[in-house]
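File shown here: start.pdb, holding PDB, C-alpha atoms and all ligand atoms.
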ATOM      1  CA  MET A   1     -24.730 297.066  12.265  1.00  0.00           C
ATOM      2  CA  PRO A   2     -21.068 297.679  13.157  1.00  0.00           C
ATOM      3  CA  ASP A   3     -18.502 296.986  10.490  1.00  0.00           C
ATOM      4  CA  ALA A   4     -16.910 294.198  12.500  1.00  0.00           C
ATOM      5  CA  HIS A   5     -20.201 292.300  12.566  1.00  0.00           C
ATOM      6  CA  ARG A   6     -20.807 292.807   8.868  1.00  0.00           C
ATOM      7  CA  GLY A   7     -17.375 291.307   8.192  1.00  0.00           C
ATOM      8  CA  TYR A   8     -18.219 288.340  10.359  1.00  0.00           C
ATOM      9  CA  TYR A   9     -21.470 287.646   8.547  1.00  0.00           C
ATOM     10  CA  ALA A  10     -19.875 288.056   5.139  1.00  0.00           C
ATOM     11  CA  GLU A  11     -17.232 285.524   6.119  1.00  0.00           C
ATOM     12  CA  LYS A  12     -19.855 283.118   7.378  1.00  0.00           C
ATOM     13  CA  GLU A  13     -21.785 283.460   4.141  1.00  0.00           C
ATOM     14  CA  ALA A  14     -18.652 282.833   2.093  1.00  0.00           C
ATOM     15  CA  LYS A  15     -17.901 279.687   4.103  1.00  0.00           C
ATOM     16  CA  LYS A  16     -21.427 278.441   3.496  1.00  0.00           C
ATOM     17  CA  LYS A  17     -21.048 278.993  -0.241  1.00  0.00           C
ATOM     18  CA  LYS A  18     -17.689 277.228  -0.259  1.00  0.00           C
ATOM     19  CA  LYS A  19     -19.148 274.244   1.566  1.00  0.00           C
ATOM     20  CA  LYS A  20     -21.995 274.023  -0.938  1.00  0.00           C
ATOM     21  CA  LYS A  21     -19.506 274.087  -3.785  1.00  0.00           C
ATOM     22  CA  GLU A  22     -17.480 271.295  -2.185  1.00  0.00           C
ATOM     23  CA  GLU A  23     -20.596 269.182  -1.757  1.00  0.00           C
ATOM     24  CA  GLU A  24     -21.516 269.653  -5.404  1.00  0.00           C
ATOM     25  CA  GLU A  25     -18.025 268.684  -6.451  1.00  0.00           C
ATOM     26  CA  ARG A  26     -18.126 265.554  -4.315  1.00  0.00           C
ATOM     27  CA  ARG A  27     -21.482 264.554  -5.759  1.00  0.00           C
ATOM     28  CA  ARG A  28     -20.112 264.996  -9.272  1.00  0.00           C
ATOM     29  CA  TRP A  29     -17.076 262.912  -8.360  1.00  0.00           C
ATOM     30  CA  GLU A  30     -19.180 260.142  -6.814  1.00  0.00           C
ATOM     31  CA  ASP A  31     -21.400 260.098  -9.876  1.00  0.00           C
ATOM     32  CA  LYS A  32     -18.344 259.783 -12.087  1.00  0.00           C
ATOM     33  CA  MET A  33     -16.947 256.950  -9.968  1.00  0.00           C
ATOM     34  CA  HIS A  34     -20.272 255.180 -10.048  1.00  0.00           C
ATOM     35  CA  ARG A  35     -20.453 255.379 -13.822  1.00  0.00           C
ATOM     36  CA  SER A  36     -16.855 254.309 -14.399  1.00  0.00           C
ATOM     37  CA  SER A  37     -17.306 251.286 -12.164  1.00  0.00           C
ATOM     38  CA  LYS A  38     -20.365 250.311 -14.177  1.00  0.00           C
ATOM     39  CA  ALA A  39     -18.556 250.652 -17.485  1.00  0.00           C
ATOM     40  CA  SER A  40     -17.256 247.294 -18.596  1.00  0.00           C
ATOM     41  CA  GLY A  41     -15.006 246.098 -21.365  1.00  0.00           C
ATOM     42  CA  SER A  42     -12.238 248.682 -21.343  1.00  0.00           C
ATOM     43  CA  LYS A  43      -9.938 247.849 -18.459  1.00  0.00           C
ATOM     44  CA  SER A  44      -7.890 250.762 -17.164  1.00  0.00           C
ATOM     45  CA  ALA A  45      -4.140 250.601 -16.754  1.00  0.00           C
ATOM     46  CA  ALA A  46      -4.550 250.569 -12.973  1.00  0.00           C
ATOM     47  CA  ASN A  47      -6.767 247.510 -13.199  1.00  0.00           C
ATOM     48  CA  SER A  48      -4.338 245.481 -15.275  1.00  0.00           C
ATOM     49  CA  GLU A  49      -1.532 246.426 -12.886  1.00  0.00           C
ATOM     50  CA  ASN A  50      -3.690 245.188 -10.018  1.00  0.00           C
ATOM     51  CA  ASP A  51      -4.273 241.918 -11.856  1.00  0.00           C
ATOM     52  CA  ARG A  52      -0.551 241.528 -12.441  1.00  0.00           C
ATOM     53  CA  ASN A  53       0.222 242.151  -8.780  1.00  0.00           C
ATOM     54  CA  MET A  54      -2.465 239.707  -7.695  1.00  0.00           C
ATOM     55  CA  ALA A  55      -1.124 237.024 -10.026  1.00  0.00           C
ATOM     56  CA  GLN A  56       2.389 237.519  -8.626  1.00  0.00           C
ATOM     57  CA  LEU A  57       1.047 237.322  -5.098  1.00  0.00           C
ATOM     58  CA  ARG A  58      -0.899 234.125  -5.832  1.00  0.00           C
ATOM     59  CA  GLU A  59       2.182 232.605  -7.383  1.00  0.00           C
ATOM     60  CA  PHE A  60       4.255 233.521  -4.343  1.00  0.00           C
ATOM     61  CA  GLN A  61       1.599 232.119  -2.001  1.00  0.00           C
ATOM     62  CA  ALA A  62       1.356 228.860  -3.974  1.00  0.00           C
ATOM     63  CA  GLY A  63       5.112 228.344  -3.747  1.00  0.00           C
ATOM     64  CA  VAL A  64       5.125 227.791   0.014  1.00  0.00           C
ATOM     65  CA  ALA A  65       2.749 225.313   1.678  1.00  0.00           C
ATOM     66  CA  GLU A  66       2.587 227.343   4.916  1.00  0.00           C
ATOM     67  CA  ASN A  67       1.301 230.359   3.004  1.00  0.00           C
ATOM     68  CA  LYS A  68      -1.843 228.435   2.064  1.00  0.00           C
ATOM     69  CA  LEU A  69      -2.891 228.406   5.710  1.00  0.00           C
ATOM     70  CA  CYS A  70      -3.801 231.257   8.012  1.00  0.00           C
ATOM     71  CA  PHE A  71      -0.750 232.187  10.083  1.00  0.00           C
ATOM     72  CA  ASP A  72      -2.824 232.662  13.240  1.00  0.00           C
ATOM     73  CA  CYS A  73      -5.457 229.915  13.220  1.00  0.00           C
ATOM     74  CA  GLY A  74      -4.399 227.587  10.387  1.00  0.00           C
ATOM     75  CA  GLN A  75      -7.562 227.971   8.308  1.00  0.00           C
ATOM     76  CA  LYS A  76      -7.148 227.071   4.639  1.00  0.00           C
ATOM     77  CA  GLY A  77      -6.992 229.734   1.956  1.00  0.00           C
ATOM     78  CA  PRO A  78      -6.117 232.956   3.780  1.00  0.00           C
ATOM     79  CA  THR A  79      -7.318 236.004   1.852  1.00  0.00           C
ATOM     80  CA  TYR A  80      -5.537 238.766   3.761  1.00  0.00           C
ATOM     81  CA  ILE A  81      -1.928 239.725   4.302  1.00  0.00           C
ATOM     82  CA  ASN A  82      -0.589 241.150   7.523  1.00  0.00           C
ATOM     83  CA  MET A  83       1.743 243.793   6.132  1.00  0.00           C
ATOM     84  CA  THR A  84       3.337 244.404   9.524  1.00  0.00           C
ATOM     85  CA  VAL A  85       4.845 240.940   9.879  1.00  0.00           C
ATOM     86  CA  GLY A  86       4.280 239.733   6.295  1.00  0.00           C
ATOM     87  CA  SER A  87       2.012 236.760   6.941  1.00  0.00           C
ATOM     88  CA  PHE A  88      -1.085 235.396   5.231  1.00  0.00           C
ATOM     89  CA  VAL A  89      -4.146 235.466   7.474  1.00  0.00           C
ATOM     90  CA  CYS A  90      -7.836 234.569   7.128  1.00  0.00           C
ATOM     91  CA  THR A  91     -10.664 237.092   7.155  1.00  0.00           C
ATOM     92  CA  LYS A  92     -11.347 236.497  10.843  1.00  0.00           C
ATOM     93  CA  CYS A  93      -7.737 236.909  11.947  1.00  0.00           C
ATOM     94  CA  SER A  94      -7.331 239.978   9.729  1.00  0.00           C
ATOM     95  CA  GLY A  95      -9.784 241.723  12.026  1.00  0.00           C
ATOM     96  CA  MET A  96     -12.279 242.354   9.220  1.00  0.00           C
ATOM     97  CA  LEU A  97     -14.901 240.200  10.891  1.00  0.00           C
TER
HETATM   98 ZN    ZN A 101      -7.113 232.830  10.907  1.00  0.00          ZN
END
Spell out the structure here as C-alpha cells.
Amino acid sequence: MPDAHRGYYAEKEAKKKKKKKEEEERRRWEDKMHRSSKASGSKSAANSENDRNMAQLREFQAGVAENKLCFDCGQKGPTYINMTVGSFVCTKCSGML
C-alpha cells in the first residue's frame, strides 16, 4: 500500500475514534443533565435568577391591562413575548402551535 493511502486510512481511523469519544462525552453530559433535573430541593443560582426574572416580568405584565391580552388576537393570558417588537402574545400567535 502506498504511503499516501496509509496516511489517508490512518486519518480516517483517527476521525472515527474522535467521533466515538465525542459521542461518549455527549452521553455522559446528557446523563448528568438528566440526573440534575431529577434532583430536587437544592435550587441552583440560575434557577432562582430565573424565578426573579419571571416575577419581575409578571409584575410588569400585571401593571398594564393591554399586556394581559395577546397583542395579535386578543386572547387572555398571553404566555409568550415577541422580543422583536416587545409584545405579549399567546401560544398560537407565538408560532409554537
Ligand atoms: Zn394570539
Please return as a compact mmCIF listing (two decimals) with C-alpha atoms, in the frame of the given file the residues found within 6 Å of ligand ZN 101 (chain A), counting only C-alpha atoms and all ligand atoms.
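File out_15.txt, as written:
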# COMPACT_ATOMS: atom_id res chain seq x y z
CA CYS A 70 -3.80 231.26 8.01
CA ASP A 72 -2.82 232.66 13.24
CA CYS A 73 -5.46 229.92 13.22
CA GLY A 74 -4.40 227.59 10.39
CA GLN A 75 -7.56 227.97 8.31
CA VAL A 89 -4.15 235.47 7.47
CA CYS A 90 -7.84 234.57 7.13
CA LYS A 92 -11.35 236.50 10.84
CA CYS A 93 -7.74 236.91 11.95
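Of the listed residues (A:Phe88, A:Tyr8, A:Ser44, A:Asp51), A:Phe88 comes nearest to Val64 of chain A; the distances count all atoms listed in the file.
Interatomic distance, atom CA of Tyr9 of chain A against atom CA of Glu23 of chain A: 21.2 Å.
For the choices A:Phe71, A:Ala45, A:Thr79, A:Lys19, the atom-to-atom distance to Arg58 of chain A is smallest for A:Thr79 when using all atoms listed in the file.
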Could you jot down the atom CA of Asn67 of chain A to atom CA of Val85 of chain A separation for me, Å, one decimal place? 13.1 Å
What does the distance between atom CA of Asn82 of chain A and atom CA of Glu49 of chain A come to in Å, to one decimal place? 21.1 Å
Enclose segment 17-34 of chain A, meaning all of its atoms listed in the file, in a box aligned along x, y and z, pad it by 8 Å on each side, and list the centre and edge lengths in Å to one decimal, as JSON.
{"center_x": -19.5, "center_y": 267.1, "center_z": -5.3, "size_x": 21.0, "size_y": 39.8, "size_z": 29.7}
Filled-in N, CA and C atoms of segment 57-74 of chain A, supplied as a short mmCIF file (atom, residue, chain, number, x, y, z; two decimals), keeping the file's coordinate frame:
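Once everything was written out, this is out05.cif:
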data_model
loop_
_atom_site.label_atom_id
_atom_site.label_comp_id
_atom_site.auth_asym_id
_atom_site.auth_seq_id
_atom_site.Cartn_x
_atom_site.Cartn_y
_atom_site.Cartn_z
N LEU A 57 1.29 237.66 -6.50
CA LEU A 57 1.05 237.32 -5.10
C LEU A 57 0.56 235.89 -4.95
N ARG A 58 -0.36 235.49 -5.85
CA ARG A 58 -0.90 234.12 -5.83
C ARG A 58 0.22 233.11 -6.09
N GLU A 59 1.08 233.48 -7.03
CA GLU A 59 2.18 232.60 -7.38
C GLU A 59 3.11 232.43 -6.18
N PHE A 60 3.39 233.54 -5.52
CA PHE A 60 4.26 233.52 -4.34
C PHE A 60 3.62 232.67 -3.24
N GLN A 61 2.32 232.85 -3.04
CA GLN A 61 1.60 232.12 -2.00
C GLN A 61 1.60 230.62 -2.30
N ALA A 62 1.43 230.27 -3.58
CA ALA A 62 1.36 228.86 -3.97
C ALA A 62 2.70 228.15 -3.81
N GLY A 63 3.78 228.93 -3.82
CA GLY A 63 5.11 228.34 -3.75
C GLY A 63 5.46 227.77 -2.38
N VAL A 64 4.82 228.25 -1.34
CA VAL A 64 5.12 227.79 0.01
C VAL A 64 3.86 227.24 0.67
N ALA A 65 3.93 225.98 1.12
CA ALA A 65 2.75 225.31 1.68
C ALA A 65 2.17 226.08 2.87
N GLU A 66 3.04 226.63 3.71
CA GLU A 66 2.59 227.34 4.92
C GLU A 66 1.75 228.58 4.57
N ASN A 67 2.02 229.14 3.40
CA ASN A 67 1.30 230.36 3.00
C ASN A 67 -0.13 230.09 2.58
N LYS A 68 -0.47 228.80 2.45
CA LYS A 68 -1.84 228.44 2.06
C LYS A 68 -2.73 228.30 3.28
N LEU A 69 -2.13 228.47 4.46
CA LEU A 69 -2.89 228.41 5.71
C LEU A 69 -2.77 229.74 6.45
N CYS A 70 -3.83 230.04 7.21
CA CYS A 70 -3.80 231.26 8.01
C CYS A 70 -2.68 231.14 9.05
N PHE A 71 -1.89 232.19 9.16
CA PHE A 71 -0.75 232.19 10.08
C PHE A 71 -1.22 232.05 11.53
N ASP A 72 -2.36 232.64 11.85
CA ASP A 72 -2.82 232.66 13.24
C ASP A 72 -3.62 231.42 13.63
N CYS A 73 -4.57 231.01 12.80
CA CYS A 73 -5.46 229.92 13.22
C CYS A 73 -5.33 228.66 12.34
N GLY A 74 -4.63 228.76 11.22
CA GLY A 74 -4.40 227.59 10.39
C GLY A 74 -5.51 227.28 9.40
#
